[in-house]
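S.K.: I'm passing along coords38.cif; it holds mmCIF, C-alpha atoms.
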data_run
loop_
_atom_site.label_atom_id
_atom_site.label_comp_id
_atom_site.auth_asym_id
_atom_site.auth_seq_id
_atom_site.Cartn_x
_atom_site.Cartn_y
_atom_site.Cartn_z
CA MET A 1 10.63 141.19 117.63
CA ILE A 2 12.75 138.72 115.64
CA ILE A 3 15.54 140.33 113.69
CA ILE A 4 16.70 138.41 110.66
CA ARG A 5 20.25 139.17 109.71
CA LYS A 6 20.94 140.20 106.13
CA GLU A 7 23.11 137.12 105.59
CA GLU A 8 20.30 134.83 106.75
CA ARG A 9 17.65 136.65 104.75
CA GLU A 10 19.60 136.35 101.56
CA GLY A 11 20.99 132.90 102.35
CA LYS A 12 24.59 133.99 102.16
CA MET A 13 27.48 131.84 103.33
CA ASN A 14 30.34 133.97 104.61
CA ILE A 15 33.51 131.94 104.85
CA LYS A 16 36.48 133.28 106.80
CA THR A 17 40.08 132.84 105.69
CA VAL A 18 42.67 131.43 108.08
CA GLY A 19 46.31 130.42 107.75
CA TYR A 20 47.35 132.66 104.84
CA PHE A 21 50.54 133.86 106.52
CA LYS A 22 52.35 136.78 104.95
CA GLU A 23 55.50 134.78 104.14
CA MET A 24 53.55 132.39 101.92
CA PRO A 25 53.63 133.22 98.19
CA HIS A 26 49.87 132.72 98.26
CA GLY A 27 49.50 134.46 101.62
CA ASN A 28 47.90 137.71 102.58
CA LYS A 29 50.62 140.35 102.89
CA SER A 30 48.73 142.04 105.73
CA SER A 31 48.41 138.80 107.70
CA ALA A 32 50.50 137.72 110.67
CA SER A 33 53.93 136.17 110.39
CA ILE A 34 54.12 132.38 110.46
CA TYR A 35 57.08 132.71 112.84
CA ASP A 36 54.72 133.99 115.52
CA TYR A 37 52.71 130.77 115.34
CA ILE A 38 55.23 127.95 114.97
CA ASN A 39 56.55 125.86 117.87
CA ASN A 40 53.41 126.77 119.74
CA GLY A 41 51.13 124.03 118.53
CA ASN A 42 48.05 122.49 120.00
CA ALA A 43 49.74 119.48 121.58
CA GLY A 44 47.55 116.44 121.85
CA GLU A 45 45.29 117.51 119.01
CA ILE A 46 47.77 117.75 116.14
CA GLU A 47 46.68 114.48 114.55
CA HIS A 48 43.01 115.51 114.67
CA ILE A 49 43.82 118.95 113.30
CA CYS A 50 45.87 117.65 110.39
CA HIS A 51 43.22 115.10 109.48
CA TYR A 52 40.57 117.82 109.52
CA LEU A 53 42.66 120.19 107.39
CA GLU A 54 43.50 117.48 104.88
CA SER A 55 39.90 116.32 104.55
CA GLY A 56 38.51 119.77 103.76
CA ILE A 57 36.61 120.41 100.56
CA GLU A 58 39.01 121.49 97.83
CA PHE A 59 37.10 124.61 96.84
CA ILE A 60 39.40 126.74 94.67
CA VAL A 61 41.88 124.53 92.87
CA SER A 62 45.38 125.69 92.10
CA PRO A 63 47.89 123.51 90.27
CA GLU A 64 50.86 125.03 92.07
CA ILE A 65 53.40 123.27 94.22
CA SER A 66 54.18 124.95 97.52
CA GLU A 67 57.69 124.76 98.91
CA ASP A 68 58.53 124.89 102.63
CA ILE A 69 58.92 128.61 103.39
CA ILE A 70 60.70 128.08 106.70
CA ASN A 71 63.28 125.62 105.45
CA PRO A 72 63.23 125.44 101.63
CA ALA A 73 65.71 122.56 101.73
CA LYS A 74 62.90 120.34 103.02
CA GLY A 75 61.10 120.64 99.70
CA THR A 76 57.38 120.38 99.10
CA ALA A 77 54.85 121.59 101.63
CA GLY A 78 51.85 120.65 99.50
CA VAL A 79 49.58 122.28 96.99
CA ILE A 80 48.07 125.72 97.51
CA SER A 81 44.46 124.98 96.64
CA ASP A 82 41.94 126.58 99.01
CA TYR A 83 40.07 124.15 101.29
CA THR A 84 36.88 124.77 103.24
CA ASP A 85 34.54 123.28 105.81
CA GLY A 86 31.79 125.78 105.00
CA THR A 87 32.92 128.11 107.78
CA TRP A 88 36.64 128.57 107.18
CA LEU A 89 38.92 128.68 104.15
CA TRP A 90 42.55 127.60 104.46
CA PRO A 91 45.48 126.85 102.12
CA GLY A 92 46.32 123.25 101.29
CA ASP A 93 49.80 123.45 102.80
CA LEU A 94 48.59 124.55 106.25
CA SER A 95 48.56 121.02 107.68
CA TYR A 96 52.21 120.61 106.68
CA TYR A 97 53.22 123.41 109.04
CA VAL A 98 51.03 122.07 111.85
CA LYS A 99 52.63 118.64 111.47
CA ASN A 100 56.24 119.72 110.94
CA TYR A 101 56.56 122.97 112.87
CA GLY A 102 53.92 122.78 115.58
CA LEU A 103 51.97 125.65 114.05
CA LYS A 104 49.26 126.96 116.34
CA ILE A 105 45.76 127.11 114.90
CA PRO A 106 43.55 130.02 116.06
CA GLU A 107 41.23 129.01 118.89
CA GLU A 108 38.10 130.07 117.00
CA PHE A 109 38.93 127.67 114.16
CA LEU A 110 39.75 124.92 116.66
CA GLN A 111 36.37 125.40 118.28
CA THR A 112 34.74 124.81 114.90
CA MET A 113 36.75 121.61 114.43
CA ARG A 114 35.85 120.32 117.90
CA ALA A 115 32.17 121.23 117.40
CA ASN A 116 32.25 119.24 114.17
CA ASN A 117 33.77 116.32 116.07
CA TRP A 118 36.89 116.65 113.89
CA LYS A 119 34.96 115.79 110.75
CA VAL A 120 34.34 118.26 107.91
CA PRO A 121 30.54 118.46 107.86
CA ILE A 122 29.90 119.33 104.21
CA THR A 123 30.54 118.16 100.68
CA LEU A 124 31.17 120.27 97.60
CA ASP A 125 27.49 119.87 96.71
CA ASP A 126 26.49 121.71 99.89
CA LEU A 127 28.12 124.92 98.69
CA ASP A 128 25.81 127.32 96.88
CA PHE A 129 28.32 129.15 94.75
CA ASP A 130 25.95 132.00 93.96
CA ASP A 131 25.76 133.02 97.60
CA ILE A 132 29.25 132.48 98.92
CA GLU A 133 31.26 135.34 100.36
CA ILE A 134 34.84 135.04 101.51
CA ASP A 135 35.78 137.54 104.22
CA GLY A 136 32.68 139.49 103.24
CA LYS A 137 33.56 139.62 99.55
CA LYS A 138 31.33 137.89 97.04
CA VAL A 139 33.16 135.12 95.19
CA PHE A 140 31.03 134.94 92.09
CA ASP A 141 30.03 138.38 90.98
CA GLU A 142 29.86 137.80 87.27
CA MET B 1 64.54 114.09 83.23
CA GLY B 2 63.59 116.14 86.24
CA ALA B 3 64.11 115.14 89.80
CA GLY B 4 61.97 112.31 91.05
CA VAL B 5 61.61 108.61 90.65
CA HIS B 6 60.12 108.31 87.20
CA GLY B 7 62.21 106.81 84.49
CA GLY B 8 60.14 107.55 81.43
CA PHE B 9 56.66 107.22 80.09
CA GLY B 10 57.05 104.62 77.41
CA SER B 11 55.91 101.65 79.39
CA THR B 12 53.97 103.39 82.11
CA PHE B 13 51.80 106.43 81.53
CA GLY B 14 52.33 106.62 77.82
CA ALA B 15 50.75 104.82 74.92
CA ARG B 16 47.29 105.18 76.36
CA GLN B 17 44.79 107.82 77.23
CA SER B 18 45.08 109.33 80.66
CA GLY B 19 41.48 108.31 81.18
CA ILE B 20 40.50 111.54 82.84
CA LEU B 21 39.65 113.86 79.99
CA VAL B 22 38.16 112.88 76.68
CA ALA B 23 39.48 115.55 74.38
CA ASP B 24 42.33 116.76 76.50
CA SER B 25 45.25 115.46 78.46
CA SER B 26 45.50 115.51 82.21
CA LEU B 27 48.32 114.18 84.35
CA VAL B 28 47.30 114.92 87.88
CA GLY B 29 47.95 111.75 89.87
CA ASN B 30 45.95 110.55 92.84
CA GLY B 31 47.66 112.45 95.65
CA GLN B 32 47.41 116.06 96.74
CA GLY B 33 45.44 118.32 94.47
CA ALA B 34 43.72 115.47 92.66
CA ALA B 35 40.62 117.66 92.26
CA LEU B 36 42.49 119.48 89.49
CA ALA B 37 41.39 116.79 87.04
CA SER B 38 37.69 117.43 87.58
CA TYR B 39 38.03 121.21 87.87
CA ALA B 40 39.97 121.40 84.61
CA LYS B 41 36.91 120.07 82.80
CA ARG B 42 34.88 123.08 83.98
CA VAL B 43 37.17 125.66 82.40
CA SER B 44 35.85 127.18 79.17
CA LYS B 45 37.64 125.65 76.22
CA GLU B 46 39.85 127.77 74.01
CA PRO B 47 39.12 126.91 70.36
CA GLY B 48 42.08 125.24 68.73
CA TYR B 49 43.85 124.42 71.99
CA THR B 50 44.20 121.18 73.91
CA ASP B 51 44.17 121.74 77.65
CA VAL B 52 46.88 120.01 79.64
CA ALA B 53 46.22 120.04 83.38
CA ILE B 54 49.13 119.33 85.68
CA HIS B 55 50.72 120.84 88.79
CA GLY B 56 53.57 123.12 87.85
CA ALA B 57 56.27 125.65 88.57
CA PRO B 58 58.27 127.96 86.28
CA GLY B 59 60.79 125.23 85.43
CA TYR B 60 59.02 121.90 85.82
CA VAL B 61 55.70 120.13 86.36
CA SER B 62 54.86 117.52 88.99
CA VAL B 63 52.58 114.58 89.67
CA PHE B 64 51.62 113.46 93.19
CA ILE B 65 51.20 109.71 93.59
CA LYS B 66 49.94 108.00 96.73
CA THR B 67 52.21 105.25 98.00
CA SER B 68 52.17 102.84 100.91
CA ASN B 69 54.49 105.22 102.73
CA GLY B 70 52.54 108.37 102.02
CA GLU B 71 53.05 110.26 98.81
CA ASP B 72 55.69 110.68 96.14
CA ARG B 73 56.16 113.77 94.04
CA ILE B 74 57.42 113.09 90.55
CA ASP B 75 58.95 116.08 88.80
CA LEU B 76 58.95 116.16 85.02
CA ASN B 77 60.86 118.38 82.66
CA HIS B 78 59.53 119.54 79.30
CA ARG B 79 61.01 116.53 77.48
CA SER B 80 59.18 114.06 79.70
CA LEU B 81 55.89 115.88 79.33
CA ALA B 82 56.33 116.14 75.56
CA LYS B 83 56.96 112.40 75.38
CA TYR B 84 53.85 111.71 77.41
CA LEU B 85 51.69 113.99 75.27
CA LYS B 86 52.90 112.45 72.02
CA GLN B 87 51.76 109.06 73.28
CA ASP B 88 48.52 110.20 74.89
CA LYS B 89 45.32 109.64 72.92
CA GLY B 90 43.83 112.78 74.44
CA TYR B 91 46.24 114.89 72.44
CA ALA B 92 45.92 114.87 68.66
CA GLY B 93 48.57 117.51 68.07
CA GLY B 94 48.27 121.26 67.70
CA LYS B 95 48.30 124.13 70.16
CA ILE B 96 48.44 123.49 73.88
CA ARG B 97 47.09 125.46 76.80
CA LEU B 98 48.82 124.56 80.05
CA LEU B 99 46.49 124.60 83.05
CA SER B 100 49.59 124.57 85.20
CA CYS B 101 50.86 127.21 87.59
CA LYS B 102 53.56 129.66 86.55
CA THR B 103 54.70 127.55 83.61
CA GLY B 104 54.43 130.70 81.50
CA SER B 105 56.30 132.86 83.98
CA PRO B 106 58.67 135.22 82.16
CA THR B 107 61.37 134.08 84.62
CA GLY B 108 60.90 130.42 83.71
CA THR B 109 61.59 128.31 80.68
CA PHE B 110 59.11 125.47 80.80
CA ALA B 111 56.48 126.67 78.31
CA GLN B 112 59.08 127.89 75.82
CA ASN B 113 60.99 124.63 76.03
CA LEU B 114 57.81 122.60 75.58
CA ALA B 115 56.87 124.70 72.54
CA ASN B 116 60.32 124.09 71.08
CA LYS B 117 60.18 120.37 71.77
CA LEU B 118 56.70 119.82 70.32
CA GLY B 119 56.91 122.44 67.59
CA VAL B 120 53.56 123.95 68.54
CA VAL B 121 52.26 127.07 70.28
CA VAL B 122 52.04 126.65 74.05
CA ARG B 123 49.82 129.04 76.01
CA ALA B 124 50.66 129.22 79.71
CA PRO B 125 49.81 131.38 82.75
CA SER B 126 52.28 134.03 83.89
CA ASP B 127 51.50 133.43 87.56
CA THR B 128 49.61 131.03 89.81
CA LEU B 129 46.42 129.63 88.33
CA HIS B 130 43.28 129.40 90.46
CA ILE B 131 40.24 127.49 89.20
CA PHE B 132 36.87 128.14 90.83
CA PRO B 133 34.09 125.54 90.97
CA ASN B 134 32.22 127.31 88.15
CA GLY B 135 35.27 127.16 85.89
CA ARG B 136 36.26 130.77 86.37
CA ILE B 137 40.02 131.30 86.24
CA VAL B 138 42.10 133.79 88.19
CA ILE B 139 45.79 134.23 87.39
CA GLY B 140 47.64 135.91 90.23
CA PRO B 141 49.39 135.39 93.56
CA ASN B 142 46.18 134.27 95.28
CA SER B 143 42.58 133.43 94.44
CA PHE B 144 41.40 137.01 94.74
CA THR B 145 44.11 138.90 92.85
CA ASN B 146 43.73 138.62 89.09
CA THR B 147 46.93 140.35 87.99
CA GLY B 148 48.39 137.72 85.67
CA ARG B 149 47.81 136.83 82.04
CA TRP B 150 48.11 134.08 79.46
CA ILE B 151 51.26 134.15 77.35
CA ASP B 152 51.69 132.37 74.04
CA TYR B 153 55.08 130.75 73.47
CA TYR B 154 55.99 129.95 69.89
CA PRO B 155 58.46 127.28 68.80
CA LYS B 156 62.03 128.50 68.69
CA GLY B 157 62.74 130.97 65.94
CA ARG B 158 59.27 132.47 65.99
CA LYS B 159 58.21 135.64 67.75
CA ARG B 160 56.62 135.40 71.16
CA ARG B 161 53.31 137.19 71.52
CA LYS B 162 51.66 138.19 74.76
CA ASN B 163 47.92 137.80 75.14
CA GLU B 164 45.91 139.75 77.67
CA HIS B 165 42.92 137.85 78.99
#
Translate the structure described by the file into structure tokens.
M.R.:
Amino acid sequence: MIIIRKEEREGKMNIKTVGYFKEMPHGNKSSASIYDYINNGNAGEIEHICHYLESGIEFIVSPEISEDIINPAKGTAGVISDYTDGTWLWPGDLSYYVKNYGLKIPEEFLQTMRANNWKVPITLDDLDFDDIEIDGKKVFDE
Amino acid sequence: MGAGVHGGFGSTFGARQSGILVADSSLVGNGQGAALASYAKRVSKEPGYTDVAIHGAPGYVSVFIKTSNGEDRIDLNHRSLAKYLKQDKGYAGGKIRLLSCKTGSPTGTFAQNLANKLGVVVRAPSDTLHIFPNGRIVIGPNSFTNTGRWIDYYPKGRKRRKNEH
């Protein structure tokens, strides 16, 4: 017997959040600390990772400037818009911390990047906004 | 003038339309967060208000410009933005709604100063602004927490009124 999952039956796209560390003003307060992830980067793949993060689809746009939360004297870390590859959702300043502090990216997310050959596989047009869930929560429920 | 490399708008950005919005003014740049220009068009218009889309903070606004060495961030104070708006064909005067993060924060001064400088009502978000692809707006610390509000700032000498939206 073939079992069709509810998500597949209804065509839902469930995107998972990653990189919203609790110290970030736009972070998730129940998330891990960024200090547990810095200086532990994925050596040898940093350039690929940053390129992937920076070429994500800017999905939820926020006109806010993000300052470096580890060393505010360094200034801007980027913008805090939410970027996606259709599988993951991450903040726009995440690549800054990978590049400048050797931030480690979770292995599951890295596997997605490698499987996509380090190229974001979708465009904004590929996202069906009516059926998108983020961490299991519907985005457009109005 | 805020921090940054820009010396004024008179001979650069000013005296012409930004070219991004027809009826409104947008000063987004071509660097990080450039999608703001297109997303701003999807937000439902507020009758009587001109939308001004720009990256912001409680005390200043910023433009990201790509350069041969990467990217420059140009910070603008309320005087610089007022000068730009006066010269921009997308703004015909009247009330302004700032699509710009935290510029209406009660702890900041940007929206009030801009209202004073231009002599018009400036509506601004109390917290971070998040614009979804369908134009929906969330004002709050992140995209999923809608705890903020729009605040109207009146030119100096007039009473400030808070608007819940």
S.K.: Could you jot down the atom CA of Asn116 of chain A to atom CA of Asn42 of chain A separation for me, Å, one decimal place?
M.R.: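 These atoms are spaced 17.2 Å apart.
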S.K.: Give me, please, the distance in Å between atom CA of Leu124 of chain A and atom CA of Gly56 of chain A, quoted to one decimal.
M.R.: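 Distance reported for this atom pair: 9.6 Å.
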S.K.: Determine the residue membership of the PyMOL selection byres ((chain B) within 7 of (chain A)) for the file above and supply it as a list in words.
M.R.: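 Those residues are Gln32, Gly33, Ala35, Leu36, Ile54, His55, Gly56, Ala57, Ser100, Cys101, Thr128, Leu129, His130, Ile131, Phe132, Pro133, Pro141 and Asn142 of chain B.
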S.K.: Just give me the gap between atom CA of Arg42 of chain B and atom CA of Ile96 of chain B in Å, one decimal is fine.
M.R.: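 That distance, rounded to one decimal, is 16.9 Å.
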S.K.: Quick one: apply the PyMOL selection byres ((chain A and resi 35) around 12) to the file and drop the selected residues here as number ranges by chain.
M.R.: A: 21-24, 31-34, 36-41, 69-71, 97, 101-104
S.K.: Near Asn14 of chain A, within 9 Å and counting only C-alpha atoms, which residues show up once chain neighbours fewer than 5 positions away are dropped, as a list in words?
M.R.: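 Non-adjacent residues within range: Glu7, Gly86, Thr87, Trp88, Asp131, Ile132, Glu133, Ile134, Asp135, Gly136, Lys137 and Lys138 of chain A.
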S.K.: Got a sec to resolve the PyMOL selection byres ((chain A and resi 50-52) around 10) on this structure and send the residues as a list in words?
M.R.: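 Taken over the shown coordinates, the PyMOL selection byres ((chain A and resi 50-52) around 10) returns Glu45, Ile46, Glu47, His48, Ile49, Leu53, Glu54, Ser55, Gly56, Asp85, Leu94, Ser95, Tyr96, Tyr97, Val98, Lys99, Met113, Arg114, Asn116, Asn117, Trp118, Lys119 and Val120 of chain A.
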S.K.: Suppose we keep C-alpha atoms; can you now write the selection as a JSON list (two decimals), in the coordinates of the input?
M.R.:
[["chain", "number", "residue", "atom", "x", "y", "z"],
["A", 45, "GLU", "CA", 45.29, 117.51, 119.01],
["A", 46, "ILE", "CA", 47.77, 117.75, 116.14],
["A", 47, "GLU", "CA", 46.68, 114.48, 114.55],
["A", 48, "HIS", "CA", 43.01, 115.51, 114.67],
["A", 49, "ILE", "CA", 43.82, 118.95, 113.30],
["A", 53, "LEU", "CA", 42.66, 120.19, 107.39],
["A", 54, "GLU", "CA", 43.50, 117.48, 104.88],
["A", 55, "SER", "CA", 39.90, 116.32, 104.55],
["A", 56, "GLY", "CA", 38.51, 119.77, 103.76],
["A", 85, "ASP", "CA", 34.54, 123.28, 105.81],
["A", 94, "LEU", "CA", 48.59, 124.55, 106.25],
["A", 95, "SER", "CA", 48.56, 121.02, 107.68],
["A", 96, "TYR", "CA", 52.21, 120.61, 106.68],
["A", 97, "TYR", "CA", 53.22, 123.41, 109.04],
["A", 98, "VAL", "CA", 51.03, 122.07, 111.85],
["A", 99, "LYS", "CA", 52.63, 118.64, 111.47],
["A", 113, "MET", "CA", 36.75, 121.61, 114.43],
["A", 114, "ARG", "CA", 35.85, 120.32, 117.90],
["A", 116, "ASN", "CA", 32.25, 119.24, 114.17],
["A", 117, "ASN", "CA", 33.77, 116.32, 116.07],
["A", 118, "TRP", "CA", 36.89, 116.65, 113.89],
["A", 119, "LYS", "CA", 34.96, 115.79, 110.75],
["A", 120, "VAL", "CA", 34.34, 118.26, 107.91]]
S.K.: Given the choices B:Val52, B:Ile65, B:Leu76, B:Ala40, which gets closest to Ala124 of chain B if the distance is worked out from all atoms listed in the file?
M.R.: B:Val52
S.K.: Of the residues B:Val43, B:Leu114, B:Gly48, B:Gly108, which is the one nearest to Ser80 of chain B, using only C-alpha atoms?
M.R.: B:Leu114
S.K.: Centre and edge lengths, as AutoDock Vina command-line options, for the axis-aligned box enclosing every listed atom of segment 64-82 of chain A with 6 Å of padding on each of the six sides, in Å to one decimal?
M.R.:
--center_x 53.8 --center_y 124.5 --center_z 99.4 --size_x 35.8 --size_y 20.3 --size_z 26.6
S.K.: Working from the structure I just supplied, which lacks atoms in segment 34-68 of chain A, can you model N, CA and C atoms there and output them as a PDB file, in the coordinates of the input?
M.R.:
ATOM      1  N   ILE A  34      54.189 133.791 110.063  1.00  0.00           N
ATOM      2  CA  ILE A  34      54.120 132.380 110.460  1.00  0.00           C
ATOM      3  C   ILE A  34      55.062 132.105 111.624  1.00  0.00           C
ATOM      4  N   TYR A  35      56.105 132.923 111.765  1.00  0.00           N
ATOM      5  CA  TYR A  35      57.080 132.710 112.840  1.00  0.00           C
ATOM      6  C   TYR A  35      56.488 133.006 114.225  1.00  0.00           C
ATOM      7  N   ASP A  36      55.382 133.727 114.239  1.00  0.00           N
ATOM      8  CA  ASP A  36      54.720 133.990 115.520  1.00  0.00           C
ATOM      9  C   ASP A  36      53.818 132.831 115.929  1.00  0.00           C
ATOM     10  N   TYR A  37      53.663 131.858 115.063  1.00  0.00           N
ATOM     11  CA  TYR A  37      52.710 130.770 115.340  1.00  0.00           C
ATOM     12  C   TYR A  37      53.366 129.399 115.417  1.00  0.00           C
ATOM     13  N   ILE A  38      54.608 129.279 114.942  1.00  0.00           N
ATOM     14  CA  ILE A  38      55.230 127.950 114.970  1.00  0.00           C
ATOM     15  C   ILE A  38      55.792 127.639 116.355  1.00  0.00           C
ATOM     16  N   ASN A  39      56.047 126.359 116.582  1.00  0.00           N
ATOM     17  CA  ASN A  39      56.550 125.860 117.870  1.00  0.00           C
ATOM     18  C   ASN A  39      55.634 126.245 119.025  1.00  0.00           C
ATOM     19  N   ASN A  40      54.384 126.360 118.727  1.00  0.00           N
ATOM     20  CA  ASN A  40      53.410 126.770 119.740  1.00  0.00           C
ATOM     21  C   ASN A  40      52.107 126.013 119.508  1.00  0.00           C
ATOM     22  N   GLY A  41      52.275 124.791 119.015  1.00  0.00           N
ATOM     23  CA  GLY A  41      51.130 124.030 118.530  1.00  0.00           C
ATOM     24  C   GLY A  41      50.199 123.523 119.596  1.00  0.00           C
ATOM     25  N   ASN A  42      49.098 122.987 119.130  1.00  0.00           N
ATOM     26  CA  ASN A  42      48.050 122.490 120.000  1.00  0.00           C
ATOM     27  C   ASN A  42      48.341 121.027 120.326  1.00  0.00           C
ATOM     28  N   ALA A  43      49.291 120.843 121.230  1.00  0.00           N
ATOM     29  CA  ALA A  43      49.740 119.480 121.580  1.00  0.00           C
ATOM     30  C   ALA A  43      48.557 118.605 121.968  1.00  0.00           C
ATOM     31  N   GLY A  44      48.614 117.372 121.519  1.00  0.00           N
ATOM     32  CA  GLY A  44      47.550 116.440 121.850  1.00  0.00           C
ATOM     33  C   GLY A  44      46.432 116.418 120.828  1.00  0.00           C
ATOM     34  N   GLU A  45      46.366 117.457 120.007  1.00  0.00           N
ATOM     35  CA  GLU A  45      45.290 117.510 119.010  1.00  0.00           C
ATOM     36  C   GLU A  45      45.844 117.599 117.584  1.00  0.00           C
ATOM     37  N   ILE A  46      47.158 117.537 117.453  1.00  0.00           N
ATOM     38  CA  ILE A  46      47.770 117.750 116.140  1.00  0.00           C
ATOM     39  C   ILE A  46      47.253 116.743 115.102  1.00  0.00           C
ATOM     40  N   GLU A  47      47.144 115.497 115.509  1.00  0.00           N
ATOM     41  CA  GLU A  47      46.680 114.480 114.550  1.00  0.00           C
ATOM     42  C   GLU A  47      45.260 114.786 114.082  1.00  0.00           C
ATOM     43  N   HIS A  48      44.398 115.148 115.010  1.00  0.00           N
ATOM     44  CA  HIS A  48      43.010 115.510 114.670  1.00  0.00           C
ATOM     45  C   HIS A  48      42.995 116.718 113.733  1.00  0.00           C
ATOM     46  N   ILE A  49      43.810 117.715 114.088  1.00  0.00           N
ATOM     47  CA  ILE A  49      43.820 118.950 113.300  1.00  0.00           C
ATOM     48  C   ILE A  49      44.275 118.678 111.872  1.00  0.00           C
ATOM     49  N   CYS A  50      45.356 117.926 111.732  1.00  0.00           N
ATOM     50  CA  CYS A  50      45.870 117.650 110.390  1.00  0.00           C
ATOM     51  C   CYS A  50      44.860 116.855 109.567  1.00  0.00           C
ATOM     52  N   HIS A  51      44.235 115.890 110.204  1.00  0.00           N
ATOM     53  CA  HIS A  51      43.220 115.100 109.480  1.00  0.00           C
ATOM     54  C   HIS A  51      42.088 116.002 109.006  1.00  0.00           C
ATOM     55  N   TYR A  52      41.661 116.908 109.873  1.00  0.00           N
ATOM     56  CA  TYR A  52      40.570 117.820 109.520  1.00  0.00           C
ATOM     57  C   TYR A  52      40.983 118.713 108.342  1.00  0.00           C
ATOM     58  N   LEU A  53      42.184 119.291 108.444  1.00  0.00           N
ATOM     59  CA  LEU A  53      42.660 120.190 107.390  1.00  0.00           C
ATOM     60  C   LEU A  53      42.791 119.465 106.054  1.00  0.00           C
ATOM     61  N   GLU A  54      43.264 118.242 106.127  1.00  0.00           N
ATOM     62  CA  GLU A  54      43.500 117.480 104.880  1.00  0.00           C
ATOM     63  C   GLU A  54      42.219 116.900 104.289  1.00  0.00           C
ATOM     64  N   SER A  55      41.155 116.866 105.069  1.00  0.00           N
ATOM     65  CA  SER A  55      39.900 116.320 104.550  1.00  0.00           C
ATOM     66  C   SER A  55      38.906 117.418 104.189  1.00  0.00           C
ATOM     67  N   GLY A  56      39.374 118.678 104.168  1.00  0.00           N
ATOM     68  CA  GLY A  56      38.510 119.770 103.760  1.00  0.00           C
ATOM     69  C   GLY A  56      38.088 119.641 102.299  1.00  0.00           C
ATOM     70  N   ILE A  57      37.086 120.418 101.946  1.00  0.00           N
ATOM     71  CA  ILE A  57      36.610 120.410 100.560  1.00  0.00           C
ATOM     72  C   ILE A  57      37.533 121.291  99.727  1.00  0.00           C
ATOM     73  N   GLU A  58      38.125 120.719  98.707  1.00  0.00           N
ATOM     74  CA  GLU A  58      39.010 121.490  97.830  1.00  0.00           C
ATOM     75  C   GLU A  58      38.126 122.407  96.997  1.00  0.00           C
ATOM     76  N   PHE A  59      38.097 123.673  97.361  1.00  0.00           N
ATOM     77  CA  PHE A  59      37.100 124.610  96.840  1.00  0.00           C
ATOM     78  C   PHE A  59      37.631 125.387  95.637  1.00  0.00           C
ATOM     79  N   ILE A  60      38.769 126.038  95.795  1.00  0.00           N
ATOM     80  CA  ILE A  60      39.400 126.740  94.670  1.00  0.00           C
ATOM     81  C   ILE A  60      40.698 126.002  94.377  1.00  0.00           C
ATOM     82  N   VAL A  61      40.764 125.419  93.201  1.00  0.00           N
ATOM     83  CA  VAL A  61      41.880 124.530  92.870  1.00  0.00           C
ATOM     84  C   VAL A  61      43.019 125.296  92.210  1.00  0.00           C
ATOM     85  N   SER A  62      44.208 125.057  92.697  1.00  0.00           N
ATOM     86  CA  SER A  62      45.380 125.690  92.100  1.00  0.00           C
ATOM     87  C   SER A  62      46.460 124.648  91.825  1.00  0.00           C
ATOM     88  N   PRO A  63      46.863 124.511  90.587  1.00  0.00           N
ATOM     89  CA  PRO A  63      47.890 123.510  90.270  1.00  0.00           C
ATOM     90  C   PRO A  63      49.292 124.014  90.532  1.00  0.00           C
ATOM     91  N   GLU A  64      49.510 124.560  91.717  1.00  0.00           N
ATOM     92  CA  GLU A  64      50.860 125.030  92.070  1.00  0.00           C
ATOM     93  C   GLU A  64      51.416 124.215  93.228  1.00  0.00           C
ATOM     94  N   ILE A  65      52.701 123.993  93.168  1.00  0.00           N
ATOM     95  CA  ILE A  65      53.400 123.270  94.220  1.00  0.00           C
ATOM     96  C   ILE A  65      53.941 124.293  95.214  1.00  0.00           C
ATOM     97  N   SER A  66      53.705 124.047  96.485  1.00  0.00           N
ATOM     98  CA  SER A  66      54.180 124.950  97.520  1.00  0.00           C
ATOM     99  C   SER A  66      55.435 124.374  98.168  1.00  0.00           C
ATOM    100  N   GLU A  67      56.456 125.205  98.253  1.00  0.00           N
ATOM    101  CA  GLU A  67      57.690 124.760  98.910  1.00  0.00           C
ATOM    102  C   GLU A  67      57.669 125.225 100.374  1.00  0.00           C
ATOM    103  N   ASP A  68      58.389 124.534 101.215  1.00  0.00           N
ATOM    104  CA  ASP A  68      58.530 124.890 102.630  1.00  0.00           C
ATOM    105  C   ASP A  68      59.143 126.278 102.732  1.00  0.00           C
TER     106      ASP A  68
END
